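Participant: I have a structure here, written as structure tokens, and I will follow up with some questions on it.
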There are 2 protein chains.
Amino acid sequence: MNHPLMDSKPETPYLLLNRSKSEHNINRLKRHLNDLDVPLRPHVKTAKSLEVAQMLFPDGPGPITVSTLAEAEFFAAAGYKDILYAVGIAPNKLNRVAQLRSEGVDLVVLLDSAEQAEALAQFCTSNRASIPTLIEIDCDGHRGGIAPDSPELLHVATLITNGSAEVRGVLTHAGESYSCFTDADRTEAAENERQTAVKAAERLRAAGHAAPVVSIGSTPTAHATKDLTGVTEVRAGNFVFFDLVMAGNGVCDVTDLALSVVTTVIGHREDKGWIMTDAGWMATSSDKGTSSQPVNQYFGLVATRDGALIPDLVMIDATQEHGALAMRPGTDRPLPEIPVGTEVRILPIHACATASQHDVYRVISKDDGPIEAIWNRTHGW
Amino acid sequence: MNHPLMDSKPETPYLLLNRSKSEHNINRLKRHLNDLDVPLRPHVKTAKSLEVAQMLFPDGPGPITVSTLAEAEFFAAAGYKDILYAVGIAPNKLNRVAQLRSEGVDLVVLLDSAEQAEALAQFCTSNRASIPTLIEIDCDGHRGGIAPDSPELLHVATLITNGSAEVRGVLTHAGESYSCFTDADRTEAAENERQTAVKAAERLRAAGHAAPVVSIGSTPTAHATKDLTGVTEVRAGNFVFFDLVMAGNGVCDVTDLALSVVTTVIGHREDKGWIMTDAGWMATSSDKGTSSQPVNQYFGLVATRDGALIPDLVMIDATQEHGALAMRPGTDRPLPEIPVGTEVRILPIHACATASQHDVYRVISKDDGPIEAIWNRTHGW
């Protein structure tokens, strides 16, 4: 049955997904982790789509990572029963967690403080519930987490098991690996991530906790790791689409990017060297994540509607519903002539952010092929 | 009837709207424009909400400005029949425009090029339609538009009327006024905006076009203008909520901000001086519009759940579903103790962007009052 929005030539701006590129990206990481004999627990926060999840799990639902309970509920309803909620648990969300667990979902939560552990233990005791928990370990000072050698680690684990909650294991996220620009640096970050997580798990086990799970991951380290000894699962999300931040880091090529925003040229400002389009930040997001990289891609690179990159043309500025395309500062190339009404593509700076501005993916199998399907996204909390 | 999501203590993150502050902001601009005897055509792209529009038009639908045809269709269905679509028209959107006009909506489009004018004229001739058009005039080099004294202006007008389209008038947007930091500079920008638009309209009239409409506006200039001679309507959108960009410019006070994101503290990183929350960029947007102002507010200022500003505490960093609160760099104030589970508010950098991350507003009448209503937002294109 066709999607109600199915239209051979939809109005711009809209989000385009090349599923062959996505499959290529998925197969690349799966092969790599298969060689290292550790399963992938993909983070579905990037795509928030059942059809993209089916590309990850062609044989039926597998283990996933989510960033919101709305994602957990959405995927659970579609048969995903092994779910890690990888954002530090707020005490007021435990009711919804317990509800999902009572429906047969093995939903695991994350925490990194005595306060959270006490709230969890108290909730489990009061509600005669058992909620398994990973303890977040800090491997690089990027975000949250307990240092692997800190006394706090064992203290938190004890607090968890004082209630009827369970220490399922440890989790790290090598957030600083987004600042690595060589394979060697990423491999080093991955090895540090692994060693940190394994060390923390071993301390917990020595103190009598089962802690069977050692969960590591980030898109940069997942691709660069060469040794996963002691690791039981790898998380990554962005890799299903990739984006200009990941291309700027060298994790992928620009040609691997599976996602783009299709936009129409609506005018020209010849005095400024601008081509105006109908895709502003509402369509691309305001994320300017490459502005701190060696090459600033502004709001995105520009390609033809059929996916051929237009050299040195960038989306240089955005208001809510206007984009301005211009030649990259410093280039000698002239601004190409692109008439009003022409559709072009904007390659995303940050796939998670760009996708979140849209309700659906319009899906193609090759860059110059027709739109074959429309896939829904979920959203909210 | 209660909204299906109505809940006295909703789960974070969610978007909170103090409707009294919004009414105060609306009344302030209405009084000002009333004194100058020119009607307001509010831009509904900020709120995208029928209930907020009702605060603007308590006596029933009035003239509005929209940024997408989805907004035009949404408000038309609710009785708004006088609509300006203030983004340069893409030829492929004319069918939807004609459809709305055939349903009795006086939908006016915008253009600034010969190419658009030719496409519009051809469409109108082929479809025996008449579509009224404003010509966008550039008053400060900020975005699109034709220079008021350019030969292009009369050429474009002639092309429009070669078909059965109509030159309804001119429109300017003083986008550069967002870079003004004093009332005097904003008043000067407003006067320049007025003079530019009036001059362009007079040239069109001298050439035989009726051009009855002279539409100007931006939130900064709408509040600063002292003379609207020759202007027939003022557009502004952001003022219904205001935000930290507008407060940084001096257009409003921080206490005027009607919108905030409520978030829960989920952890602490004492070594880094961070308080972690469950509102990342998915809840606040990635807009960092104050980073180019004298005072950088990062991802937003922080207030207690009851709206009392916590001095020098800012949301300093964000990932998709994590926020990091920290003391403003350089301050001597210590980080306050805010336990896990505590709710705080994040005041938005850019209200249009923050609101667009949410489906609904949870509405209060005073900062320490209960949630009284849930108002829907529309979205998409």
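A note on labels: chains of the structure tokens are A, B, ... as shown, every chain counts residues from 1, and ligands are counted from 1 in their shown order.
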Tell me, which residues of stretch 111-219 of chain A carry DSSP strand (DSSP E or B), written as a list in words?

Facilitator: Leu111, Pro132, Thr133, Leu134, Ile135, Glu136, Ile137, Ile146, Glu166, Val167, Arg168, Gly169, Val170, Leu171, Thr172, Val213, Val214, Ser215 and Ile216 of chain A

Participant: I need the residues from that last selection saved to file as a CSV table (one decimal), in the first residue's frame (with C-alpha atoms), if you can.

Facilitator:
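File selection_20.csv, as written:
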chain,number,residue,atom,x,y,z
A,111,LEU,CA,23.0,6.1,35.6
A,132,PRO,CA,18.5,-3.6,35.2
A,133,THR,CA,21.0,-0.8,35.1
A,134,LEU,CA,24.3,0.0,33.3
A,135,ILE,CA,26.6,2.3,35.2
A,136,GLU,CA,28.0,5.1,32.9
A,137,ILE,CA,31.8,5.2,32.9
A,146,ILE,CA,32.1,7.8,36.8
A,166,GLU,CA,20.4,-5.0,39.1
A,167,VAL,CA,23.8,-4.0,38.0
A,168,ARG,CA,23.7,-5.2,34.4
A,169,GLY,CA,27.1,-3.8,33.6
A,170,VAL,CA,28.9,-0.7,32.3
A,171,LEU,CA,28.6,1.7,29.4
A,172,THR,CA,31.1,4.2,28.0
A,213,VAL,CA,27.5,-6.3,30.0
A,214,VAL,CA,30.4,-4.1,28.7
A,215,SER,CA,28.8,-1.7,26.3
A,216,ILE,CA,31.0,0.7,24.3

Participant: Could you please tell me, as a list in words, which residues of chain A have an atom within 6 Å of chain B when using only C-alpha atoms?

Facilitator: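 Within 6 Å of chain B on chain A, we get Ala90, Pro91, Ile266, Ser286, Asp287 and Gly341 of chain A.
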
Participant: Given the selection you just returned, output its residues as a file containing C-alpha atoms, formatted as an mmCIF file, in the first residue's frame.

Facilitator:
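For reference, part.cif as written:
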data_model
loop_
_atom_site.group_PDB
_atom_site.id
_atom_site.type_symbol
_atom_site.label_atom_id
_atom_site.label_comp_id
_atom_site.auth_asym_id
_atom_site.auth_seq_id
_atom_site.Cartn_x
_atom_site.Cartn_y
_atom_site.Cartn_z
ATOM 1 C CA ALA A 90 15.573 10.854 35.661
ATOM 2 C CA PRO A 91 13.636 9.543 38.675
ATOM 3 C CA ILE A 266 13.787 30.656 -5.549
ATOM 4 C CA SER A 286 20.887 25.065 12.792
ATOM 5 C CA ASP A 287 23.664 22.591 13.534
ATOM 6 C CA GLY A 341 12.772 26.418 -10.042
#

Participant: Residues near stretch 49-63 of chain B, anyone? I mean within 10 Å using only C-alpha atoms, not counting same-chain ones fewer than 4 positions away, as a PyMOL selection string.

Facilitator: chain B and resi 19+22-23+26-27+30+39-45+71+74-76+78-84+106+233+235+240-241+360-361+374-379

Participant: Restricted to N, CA and C atoms, what would the selected residues look like written as an mmCIF file, in the first residue's frame?

Facilitator:
data_model
loop_
_atom_site.group_PDB
_atom_site.id
_atom_site.type_symbol
_atom_site.label_atom_id
_atom_site.label_comp_id
_atom_site.auth_asym_id
_atom_site.auth_seq_id
_atom_site.Cartn_x
_atom_site.Cartn_y
_atom_site.Cartn_z
ATOM 1 N N ARG B 19 1.345 32.558 29.284
ATOM 2 C CA ARG B 19 0.502 33.327 28.366
ATOM 3 C C ARG B 19 0.334 34.779 28.795
ATOM 4 N N SER B 22 3.124 36.578 27.205
ATOM 5 C CA SER B 22 2.859 36.697 25.782
ATOM 6 C C SER B 22 1.838 37.814 25.526
ATOM 7 N N GLU B 23 0.784 37.859 26.323
ATOM 8 C CA GLU B 23 -0.219 38.928 26.175
ATOM 9 C C GLU B 23 0.402 40.305 26.399
ATOM 10 N N ILE B 26 2.340 41.157 23.321
ATOM 11 C CA ILE B 26 1.418 41.477 22.218
ATOM 12 C C ILE B 26 0.819 42.873 22.420
ATOM 13 N N ASN B 27 0.376 43.152 23.646
ATOM 14 C CA ASN B 27 -0.242 44.457 23.905
ATOM 15 C C ASN B 27 0.748 45.603 23.718
ATOM 16 N N LYS B 30 1.027 46.150 19.954
ATOM 17 C CA LYS B 30 -0.250 46.657 19.428
ATOM 18 C C LYS B 30 -0.461 48.123 19.792
ATOM 19 N N PRO B 39 -1.919 48.960 10.909
ATOM 20 C CA PRO B 39 -2.250 47.626 11.436
ATOM 21 C C PRO B 39 -1.050 46.673 11.437
ATOM 22 N N LEU B 40 -1.140 45.708 12.327
ATOM 23 C CA LEU B 40 -0.147 44.641 12.446
ATOM 24 C C LEU B 40 -0.618 43.442 11.618
ATOM 25 N N ARG B 41 0.312 42.885 10.854
ATOM 26 C CA ARG B 41 0.056 41.593 10.187
ATOM 27 C C ARG B 41 1.047 40.611 10.796
ATOM 28 N N PRO B 42 0.711 40.014 11.939
ATOM 29 C CA PRO B 42 1.704 39.213 12.671
ATOM 30 C C PRO B 42 2.177 38.007 11.859
ATOM 31 N N HIS B 43 3.432 37.660 12.065
ATOM 32 C CA HIS B 43 4.003 36.477 11.426
ATOM 33 C C HIS B 43 3.741 35.295 12.352
ATOM 34 N N VAL B 44 2.960 34.332 11.868
ATOM 35 C CA VAL B 44 2.599 33.202 12.737
ATOM 36 C C VAL B 44 3.622 32.078 12.690
ATOM 37 N N LYS B 45 4.748 32.276 11.986
ATOM 38 C CA LYS B 45 5.769 31.224 11.894
ATOM 39 C C LYS B 45 6.424 30.941 13.242
ATOM 40 N N GLU B 71 1.457 26.311 6.860
ATOM 41 C CA GLU B 71 0.859 27.276 7.795
ATOM 42 C C GLU B 71 -0.362 27.949 7.165
ATOM 43 N N PHE B 74 -3.254 25.579 7.289
ATOM 44 C CA PHE B 74 -3.688 25.361 8.684
ATOM 45 C C PHE B 74 -4.513 26.552 9.178
ATOM 46 N N PHE B 75 -4.032 27.765 8.948
ATOM 47 C CA PHE B 75 -4.755 28.939 9.445
ATOM 48 C C PHE B 75 -5.993 29.232 8.590
ATOM 49 N N ALA B 76 -5.915 28.948 7.294
ATOM 50 C CA ALA B 76 -7.093 29.153 6.438
ATOM 51 C C ALA B 76 -8.239 28.264 6.916
ATOM 52 N N ALA B 78 -8.901 27.475 9.763
ATOM 53 C CA ALA B 78 -9.448 28.028 11.005
ATOM 54 C C ALA B 78 -10.071 29.409 10.785
ATOM 55 N N GLY B 79 -10.214 29.809 9.528
ATOM 56 C CA GLY B 79 -10.937 31.051 9.254
ATOM 57 C C GLY B 79 -10.083 32.256 8.893
ATOM 58 N N TYR B 80 -8.762 32.084 8.844
ATOM 59 C CA TYR B 80 -7.888 33.199 8.455
ATOM 60 C C TYR B 80 -7.870 33.283 6.927
ATOM 61 N N LYS B 81 -8.404 34.362 6.386
ATOM 62 C CA LYS B 81 -8.595 34.456 4.931
ATOM 63 C C LYS B 81 -7.716 35.520 4.286
ATOM 64 N N ASP B 82 -6.940 36.234 5.097
ATOM 65 C CA ASP B 82 -6.089 37.311 4.577
ATOM 66 C C ASP B 82 -4.658 36.960 4.942
ATOM 67 N N ILE B 83 -3.964 36.308 4.006
ATOM 68 C CA ILE B 83 -2.679 35.670 4.327
ATOM 69 C C ILE B 83 -1.595 36.094 3.348
ATOM 70 N N LEU B 84 -0.480 36.524 3.882
ATOM 71 C CA LEU B 84 0.712 36.832 3.088
ATOM 72 C C LEU B 84 1.728 35.712 3.276
ATOM 73 N N ASP B 106 -7.528 35.101 0.486
ATOM 74 C CA ASP B 106 -6.759 36.121 -0.235
ATOM 75 C C ASP B 106 -5.285 35.920 0.099
ATOM 76 N N GLU B 233 1.100 48.274 6.503
ATOM 77 C CA GLU B 233 1.050 47.174 7.472
ATOM 78 C C GLU B 233 2.450 46.885 7.991
ATOM 79 N N ARG B 235 4.805 43.848 9.803
ATOM 80 C CA ARG B 235 4.924 42.428 10.132
ATOM 81 C C ARG B 235 5.926 42.241 11.276
ATOM 82 N N VAL B 240 5.873 37.734 20.044
ATOM 83 C CA VAL B 240 4.856 37.068 20.883
ATOM 84 C C VAL B 240 5.520 36.295 22.022
ATOM 85 N N PHE B 241 6.744 35.833 21.806
ATOM 86 C CA PHE B 241 7.471 35.091 22.848
ATOM 87 C C PHE B 241 8.724 35.840 23.318
ATOM 88 N N VAL B 360 3.691 20.716 21.199
ATOM 89 C CA VAL B 360 2.669 21.433 21.978
ATOM 90 C C VAL B 360 3.325 22.413 22.951
ATOM 91 N N TYR B 361 2.512 23.412 23.338
ATOM 92 C CA TYR B 361 2.845 24.320 24.433
ATOM 93 C C TYR B 361 2.071 23.873 25.657
ATOM 94 N N ILE B 374 -3.097 22.857 27.115
ATOM 95 C CA ILE B 374 -2.089 22.429 26.148
ATOM 96 C C ILE B 374 -2.530 22.940 24.789
ATOM 97 N N TRP B 375 -1.638 23.635 24.132
ATOM 98 C CA TRP B 375 -1.945 24.213 22.815
ATOM 99 C C TRP B 375 -1.090 23.516 21.767
ATOM 100 N N ASN B 376 -1.715 23.111 20.661
ATOM 101 C CA ASN B 376 -0.995 22.439 19.580
ATOM 102 C C ASN B 376 -0.231 23.428 18.707
ATOM 103 N N ARG B 377 0.815 22.930 18.087
ATOM 104 C CA ARG B 377 1.543 23.659 17.038
ATOM 105 C C ARG B 377 1.373 22.918 15.721
ATOM 106 N N THR B 378 1.400 23.622 14.603
ATOM 107 C CA THR B 378 1.498 22.941 13.316
ATOM 108 C C THR B 378 2.967 22.962 12.880
ATOM 109 N N HIS B 379 3.289 22.173 11.867
ATOM 110 C CA HIS B 379 4.676 22.127 11.406
ATOM 111 C C HIS B 379 4.731 21.583 9.988
#

Participant: Applying 10 Å and only C-alpha atoms, which residues near B:Asn162 remain after dropping the ones on its own chain fewer than 6 positions away? List them as a list of chain:residue names.

Facilitator: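 Near neighbours after the sequence-gap exclusion: B:Ala117, B:Glu118, B:Leu120, B:Ala121, B:Gln122, B:Cys124, B:Thr125, B:Val156.
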
Participant: Please, could you write that set of residues out with N, CA and C atoms as a compact mmCIF listing (two decimals), in the first residue's frame?

Facilitator:
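This is the output file out.txt:
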# COMPACT_ATOMS: atom_id res chain seq x y z
N ALA B 117 8.70 36.18 -11.75
CA ALA B 117 7.57 36.93 -12.31
C ALA B 117 7.07 36.26 -13.59
N GLU B 118 8.01 35.80 -14.43
CA GLU B 118 7.61 35.12 -15.67
C GLU B 118 6.88 33.82 -15.37
N LEU B 120 5.22 33.11 -12.67
CA LEU B 120 3.91 33.45 -12.09
C LEU B 120 2.93 33.88 -13.18
N ALA B 121 3.40 34.75 -14.09
CA ALA B 121 2.52 35.25 -15.15
C ALA B 121 2.07 34.11 -16.04
N GLN B 122 3.00 33.22 -16.34
CA GLN B 122 2.67 32.09 -17.20
C GLN B 122 1.66 31.16 -16.51
N CYS B 124 -0.51 31.99 -14.22
CA CYS B 124 -1.82 32.66 -14.13
C CYS B 124 -2.53 32.61 -15.48
N THR B 125 -1.79 32.83 -16.56
CA THR B 125 -2.39 32.79 -17.89
C THR B 125 -2.89 31.38 -18.20
N VAL B 156 10.29 43.78 -13.45
CA VAL B 156 9.59 42.67 -12.79
C VAL B 156 8.09 42.96 -12.70

Participant: Residues at most 6 Å from stretch 307-315 of chain B, counting only C-alpha atoms, excluding those fewer than 6 positions away in the same chain, as a list in words?

Facilitator: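 So the residues in contact are Phe299, Gly300, Leu301, Ala324, Leu325, Ala326, Met327, Arg328 and Asp367 of chain B.
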
Participant: With N, CA and C atoms retained, write the just-selected residues as a PDB file, in the first residue's frame.

Facilitator:
ATOM      1  N   PHE B 299      23.510  27.873  25.041  1.00  0.00           N
ATOM      2  CA  PHE B 299      22.225  27.285  24.642  1.00  0.00           C
ATOM      3  C   PHE B 299      21.060  27.845  25.464  1.00  0.00           C
ATOM      4  N   GLY B 300      21.326  28.813  26.342  1.00  0.00           N
ATOM      5  CA  GLY B 300      20.232  29.439  27.078  1.00  0.00           C
ATOM      6  C   GLY B 300      20.570  29.717  28.527  1.00  0.00           C
ATOM      7  N   LEU B 301      19.799  30.629  29.117  1.00  0.00           N
ATOM      8  CA  LEU B 301      19.908  30.915  30.548  1.00  0.00           C
ATOM      9  C   LEU B 301      19.059  29.908  31.321  1.00  0.00           C
ATOM     10  N   ALA B 324      24.217  20.320  29.430  1.00  0.00           N
ATOM     11  CA  ALA B 324      25.186  20.560  30.512  1.00  0.00           C
ATOM     12  C   ALA B 324      25.027  22.006  30.967  1.00  0.00           C
ATOM     13  N   LEU B 325      24.697  22.185  32.251  1.00  0.00           N
ATOM     14  CA  LEU B 325      24.610  23.519  32.838  1.00  0.00           C
ATOM     15  C   LEU B 325      25.928  23.817  33.541  1.00  0.00           C
ATOM     16  N   ALA B 326      26.372  25.070  33.465  1.00  0.00           N
ATOM     17  CA  ALA B 326      27.618  25.452  34.130  1.00  0.00           C
ATOM     18  C   ALA B 326      27.569  26.941  34.432  1.00  0.00           C
ATOM     19  N   MET B 327      28.438  27.386  35.313  1.00  0.00           N
ATOM     20  CA  MET B 327      28.536  28.815  35.578  1.00  0.00           C
ATOM     21  C   MET B 327      29.171  29.491  34.369  1.00  0.00           C
ATOM     22  N   ARG B 328      28.688  30.677  34.061  1.00  0.00           N
ATOM     23  CA  ARG B 328      29.239  31.454  32.951  1.00  0.00           C
ATOM     24  C   ARG B 328      30.743  31.634  33.147  1.00  0.00           C
ATOM     25  N   ASP B 367       4.168  32.550  36.582  1.00  0.00           N
ATOM     26  CA  ASP B 367       5.353  31.704  36.612  1.00  0.00           C
ATOM     27  C   ASP B 367       5.269  30.564  37.622  1.00  0.00           C
TER      28      ASP B 367
END

Participant: Compile the contact shell of B:Ala200 as a list in words: residues with an atom at most 8 Å away, counting only C-alpha atoms, same-chain residues fewer than 2 positions apart removed.

Facilitator: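 Once the nearby chain positions are removed, what remains is Ile137, Pro148, Asp149, Leu153, Val170, Thr196, Ala197, Val198, Glu202, Arg203 and Leu204 of chain B.
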
Participant: Next, write the just-selected residues to a file, as a PDB file, in the first residue's frame, keeping N, CA and C atoms as the atom set.

Facilitator:
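Output below, filename part_3.pdb:
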ATOM      1  N   ILE B 137      11.632  44.085  -1.638  1.00  0.00           N
ATOM      2  CA  ILE B 137      12.588  45.185  -1.809  1.00  0.00           C
ATOM      3  C   ILE B 137      13.694  45.005  -0.782  1.00  0.00           C
ATOM      4  N   PRO B 148      15.464  49.477  -4.404  1.00  0.00           N
ATOM      5  CA  PRO B 148      14.272  50.282  -4.707  1.00  0.00           C
ATOM      6  C   PRO B 148      14.437  51.161  -5.938  1.00  0.00           C
ATOM      7  N   ASP B 149      15.687  51.517  -6.273  1.00  0.00           N
ATOM      8  CA  ASP B 149      15.912  52.399  -7.418  1.00  0.00           C
ATOM      9  C   ASP B 149      16.418  51.649  -8.644  1.00  0.00           C
ATOM     10  N   LEU B 153      13.149  46.649 -10.850  1.00  0.00           N
ATOM     11  CA  LEU B 153      11.862  46.752 -10.142  1.00  0.00           C
ATOM     12  C   LEU B 153      10.711  46.911 -11.126  1.00  0.00           C
ATOM     13  N   VAL B 170       4.614  46.254  -2.236  1.00  0.00           N
ATOM     14  CA  VAL B 170       6.016  45.944  -1.934  1.00  0.00           C
ATOM     15  C   VAL B 170       6.159  45.475  -0.484  1.00  0.00           C
ATOM     16  N   THR B 196      12.706  53.065   2.173  1.00  0.00           N
ATOM     17  CA  THR B 196      13.016  52.181   1.044  1.00  0.00           C
ATOM     18  C   THR B 196      11.732  51.622   0.442  1.00  0.00           C
ATOM     19  N   ALA B 197      10.848  51.137   1.306  1.00  0.00           N
ATOM     20  CA  ALA B 197       9.605  50.529   0.823  1.00  0.00           C
ATOM     21  C   ALA B 197       8.720  51.572   0.154  1.00  0.00           C
ATOM     22  N   VAL B 198       8.598  52.748   0.773  1.00  0.00           N
ATOM     23  CA  VAL B 198       7.721  53.791   0.224  1.00  0.00           C
ATOM     24  C   VAL B 198       8.257  54.256  -1.133  1.00  0.00           C
ATOM     25  N   GLU B 202       6.241  54.068  -4.626  1.00  0.00           N
ATOM     26  CA  GLU B 202       5.963  55.277  -5.420  1.00  0.00           C
ATOM     27  C   GLU B 202       6.444  55.123  -6.860  1.00  0.00           C
ATOM     28  N   ARG B 203       7.582  54.455  -7.023  1.00  0.00           N
ATOM     29  CA  ARG B 203       8.057  54.211  -8.401  1.00  0.00           C
ATOM     30  C   ARG B 203       7.072  53.322  -9.157  1.00  0.00           C
ATOM     31  N   LEU B 204       6.561  52.304  -8.479  1.00  0.00           N
ATOM     32  CA  LEU B 204       5.602  51.408  -9.135  1.00  0.00           C
ATOM     33  C   LEU B 204       4.329  52.169  -9.508  1.00  0.00           C
TER      34      LEU B 204
END

Participant: Find the residues around A:Ile371 up to 9 Å (only C-alpha atoms counted), leave out those fewer than 2 positions away in its own chain, and share them as a list of chain:residue names.

Facilitator: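 Final neighbour list, sorted by chain and number: A:Met6, A:Asp7, A:Ser8, A:Lys9, A:Leu16, A:Arg362, A:Val363, A:Ile364, A:Ser365, A:Gly369, A:Ala373, A:Ile374.
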
Participant: Could you go through stretch 101-160 of chain A and tell me which residues DSSP, when run on the backbone, assigns to helix (DSSP H, G or I), listing them as a list in words?

Facilitator: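 Of stretch 101-160 of chain A, only Arg101, Ser102, Ala114, Glu115, Gln116, Ala117, Glu118, Ala119, Leu120, Ala121, Gln122, Phe123, Cys124, Thr125, Ser126, Pro151, Glu152, Leu153, Leu154, His155, Val156, Ala157, Thr158, Leu159 and Ile160 of chain A fall in helix (DSSP H, G or I).
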
Participant: Provide the atom CA of A:Ala236 to atom CA of A:His350 distance in Å, to one decimal place.

Facilitator: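 Distance between the two atoms: 14.4 Å.
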